[in-house]
Amino acid sequence: MTPKPGRTPWDAPLAGIGDEAAPDAAGQCAALRQLGWHAIEIRSVDGIGIAELPPRACADLAARLHEADLDVVCLDSTLGNWGSHATDPLSADLATLDALARRAEVLRCRWVRVMSYPGGGLPADRWRALVLERLTRLAERAERLGLTLLVENCSGWAGTSAERLAWLLDEIASPALGVLFDTGNGVPHGYDGLAMLERLLPRVRHVQVKDARHEGGRVHYTLPGRGEAQLPAMLDLLWTSGYRGPLSIEPHLAHQPHTGTRSAGPGPFVAAGHALTELLARLTPPTARALR
């Protein structure tokens, strides 16, 4: 059996965060289609976050994606991210979630990426309590809206600890809450990403792919498989565990939203996509290879 275009031989959809390739919708679509992929992850368009995208612009985006034969696998919100704080007004975040639900309806996507709120300066117990309260309320609202919130192993109280993230999901116990695992975050944040993935496997619904290495006292992002994130071992683990969800590149080679860095052109994004498909071809297990 020949794999569908834009999928690995193990039938996992390949996608990418569009604004890593280009700021505008046309450029984002072109980069994904250049790779031959049929899925995209939306974070911003023309520098406007998905929750703030005007209704007309969202409708235009949906039409363009349909024309390019691209499905939306996830909406990457700013909820709980590095630019927020655990003491921010909860009402504003609930309003943002309502706005995301409206965009999700137009774009036919029910998954929303969130993080778990930085809490600089807060006592540890207070920080944990606020994060639990906020994500409980957000999960309740998401369930009513028909959305699933995927907490990334990034900024926030639970971002760098498998135990914290597992505890948070157990305490909230909502069907509208899961894990978005980023393969490269362990390198800049200083933890063993492979060990975290092993601990969180049953909860992982979506995977973002990046890689990085330390060089000259700094973190440098690399093509998939060229860094220190143990990406080949992670992909093997995902396969053997039965994960068949999206693999979505977020290479950080041309665009890093937390630093404002952007270089011109989709070349690095496309190169990262090719590197991932080449890596997957080398890693394809015998059972999957026999299905080709």
# chains A, B, ... in the order shown; residues from 1 in each chain; ligands from 1
$ select_by_dssp --residues "segment 139-252 of chain A" --states "strand (DSSP E or B)" --output "number ranges by chain"
A: 148-156, 177-182, 204-209, 211-215, 218-222, 247-249
$ residues_around --residues "Asp88 of chain A" --least-positions-apart "3" --cutoff "12 Å" --atoms "only C-alpha atoms" --output "PyMOL selection string"
chain A and resi 79-81+83-85+91-94+117-119+130-131+134
$ select_by_dssp --residues "segment 39-131 of chain A" --states "alpha helix (DSSP H)" --output "PyMOL selection string"
chain A and resi 55-67+90-107+124-131
$ write_last_selection --atoms "C-alpha atoms" --output "compact mmCIF listing (two decimals), in the first residue's frame"
# COMPACT_ATOMS: atom_id res chain seq x y z
CA PRO A 55 -13.79 37.39 10.83
CA ARG A 56 -13.40 38.36 7.17
CA ALA A 57 -9.70 37.50 7.23
CA CYS A 58 -10.48 34.16 8.87
CA ALA A 59 -13.04 33.37 6.18
CA ASP A 60 -10.51 34.31 3.48
CA LEU A 61 -7.93 32.08 5.15
CA ALA A 62 -10.36 29.16 5.23
CA ALA A 63 -11.07 29.60 1.51
CA ARG A 64 -7.37 29.74 0.68
CA LEU A 65 -6.67 26.60 2.73
CA HIS A 66 -9.50 24.77 1.01
CA GLU A 67 -8.12 25.77 -2.38
CA LEU A 90 -9.08 35.09 33.76
CA SER A 91 -12.02 36.82 32.09
CA ALA A 92 -9.73 37.93 29.27
CA ASP A 93 -8.55 34.37 28.66
CA LEU A 94 -12.11 33.04 28.63
CA ALA A 95 -12.99 35.70 26.05
CA THR A 96 -9.96 34.66 24.00
CA LEU A 97 -11.13 31.05 24.12
CA ASP A 98 -14.57 32.12 22.90
CA ALA A 99 -12.92 33.94 20.00
CA LEU A 100 -10.82 30.87 19.21
CA ALA A 101 -13.97 28.74 19.11
CA ARG A 102 -15.40 31.01 16.43
CA ARG A 103 -12.20 30.75 14.36
CA ALA A 104 -12.11 27.00 14.95
CA GLU A 105 -15.61 26.64 13.52
CA VAL A 106 -14.63 28.44 10.33
CA LEU A 107 -11.33 26.56 9.98
CA ALA A 124 5.30 27.84 44.44
CA ASP A 125 2.02 26.77 46.06
CA ARG A 126 0.21 29.90 44.88
CA TRP A 127 1.52 29.44 41.34
CA ARG A 128 0.32 25.84 41.21
CA ALA A 129 -3.10 26.75 42.61
CA LEU A 130 -3.62 29.54 40.08
CA VAL A 131 -2.61 27.37 37.15
$ atom_distance --atom1 "atom CA of Gly193 of chain A" --atom2 "atom CA of Leu147 of chain A"
26.9 Å
$ closest_residue --among "A:Leu279, A:Ala21, A:Leu197, A:Leu75" --to "Leu53 of chain A" --atoms "only C-alpha atoms"
A:Leu75
$ closest_atom_pairs --of "segment 12-92 of chain A" --to "segment 174-192 of chain A" --cutoff "12 Å" --atoms "only C-alpha atoms" --output "Markdown table"
| residue | atom | partner | partner_atom | distance |
| --- | --- | --- | --- | --- |
| A:Val73 | CA | A:Leu180 | CA | 11.8 |
| A:Cys74 | CA | A:Leu180 | CA | 9.9 |
| A:Leu75 | CA | A:Leu180 | CA | 11.6 |
| A:Asp76 | CA | A:Leu180 | CA | 10.5 |
$ atom_distance --atom1 "atom CA of Gly120 of chain A" --atom2 "atom CA of Gly159 of chain A"
13.6 Å
$ closest_residue --among "A:Leu138, A:Ile249, A:Ala22, A:Ala86" --to "His274 of chain A" --atoms "only C-alpha atoms"
A:Ile249
$ residues_around --residues "Arg213 of chain A" --least-positions-apart "2" --cutoff "12 Å" --atoms "only C-alpha atoms" --output "list in words"
Gly184, Asn185, Gly186, Val187, Pro188, His189, Gly190, Lys210, Asp211, Glu215, Gly216, Gly217, Arg218, Val219, His220, Tyr221, Thr222, Leu223, Pro224, Gly225, Arg226, Gly227, Glu228, Ala229, Gln230 and Leu231 of chain A
$ write_last_selection --atoms "N, CA and C atoms" --output "compact mmCIF listing (two decimals), in the first residue's frame"
# COMPACT_ATOMS: atom_id res chain seq x y z
N GLY A 184 11.63 19.32 20.75
CA GLY A 184 12.88 20.05 20.94
C GLY A 184 12.97 20.89 22.18
N ASN A 185 11.89 21.03 22.94
CA ASN A 185 11.90 21.97 24.06
C ASN A 185 12.83 21.59 25.20
N GLY A 186 13.15 20.32 25.31
CA GLY A 186 14.03 19.92 26.39
C GLY A 186 15.42 20.52 26.29
N VAL A 187 15.88 20.79 25.07
CA VAL A 187 17.24 21.32 24.90
C VAL A 187 17.36 22.73 25.48
N PRO A 188 16.54 23.71 25.07
CA PRO A 188 16.68 25.04 25.65
C PRO A 188 16.23 25.13 27.10
N HIS A 189 15.29 24.26 27.50
CA HIS A 189 14.77 24.33 28.87
C HIS A 189 15.53 23.45 29.86
N GLY A 190 16.45 22.63 29.36
CA GLY A 190 17.34 21.90 30.25
C GLY A 190 16.78 20.65 30.89
N LYS A 210 10.79 19.76 16.49
CA LYS A 210 11.94 20.64 16.32
C LYS A 210 13.14 19.95 16.91
N ASP A 211 14.32 20.48 16.63
CA ASP A 211 15.57 19.92 17.17
C ASP A 211 16.50 21.08 17.47
N GLU A 215 25.79 25.11 21.54
CA GLU A 215 27.04 25.43 20.84
C GLU A 215 27.51 26.80 21.29
N GLY A 216 28.75 26.87 21.80
CA GLY A 216 29.29 28.15 22.22
C GLY A 216 28.50 28.81 23.33
N GLY A 217 27.92 27.97 24.20
CA GLY A 217 27.16 28.51 25.32
C GLY A 217 25.75 28.97 24.96
N ARG A 218 25.32 28.72 23.73
CA ARG A 218 23.99 29.13 23.30
C ARG A 218 23.25 27.95 22.68
N VAL A 219 21.93 28.08 22.60
CA VAL A 219 21.10 27.06 21.95
C VAL A 219 20.91 27.45 20.49
N HIS A 220 21.20 26.52 19.59
CA HIS A 220 21.00 26.73 18.16
C HIS A 220 20.02 25.69 17.65
N TYR A 221 19.00 26.15 16.93
CA TYR A 221 18.03 25.22 16.36
C TYR A 221 18.58 24.64 15.07
N THR A 222 18.25 23.37 14.84
CA THR A 222 18.83 22.62 13.73
C THR A 222 17.73 21.95 12.91
N LEU A 223 18.14 21.42 11.78
CA LEU A 223 17.23 20.56 11.03
C LEU A 223 16.88 19.33 11.87
N PRO A 224 15.69 18.78 11.71
CA PRO A 224 15.33 17.57 12.47
C PRO A 224 16.35 16.46 12.29
N GLY A 225 16.78 15.91 13.44
CA GLY A 225 17.76 14.84 13.45
C GLY A 225 19.19 15.28 13.55
N ARG A 226 19.45 16.60 13.53
CA ARG A 226 20.82 17.11 13.57
C ARG A 226 21.21 17.67 14.94
N GLY A 227 20.29 17.62 15.89
CA GLY A 227 20.55 18.24 17.18
C GLY A 227 20.68 17.23 18.31
N GLU A 228 20.42 17.70 19.52
CA GLU A 228 20.61 16.91 20.74
C GLU A 228 19.30 16.48 21.37
N ALA A 229 18.19 16.63 20.67
CA ALA A 229 16.89 16.35 21.27
C ALA A 229 16.53 14.86 21.29
N GLN A 230 17.38 14.01 20.75
CA GLN A 230 17.12 12.57 20.67
C GLN A 230 15.88 12.28 19.81
N LEU A 231 15.75 13.05 18.73
CA LEU A 231 14.56 12.95 17.91
C LEU A 231 14.36 11.56 17.30
$ atom_distance --atom1 "atom CA of Pro251 of chain A" --atom2 "atom CA of Ala26 of chain A"
19.4 Å
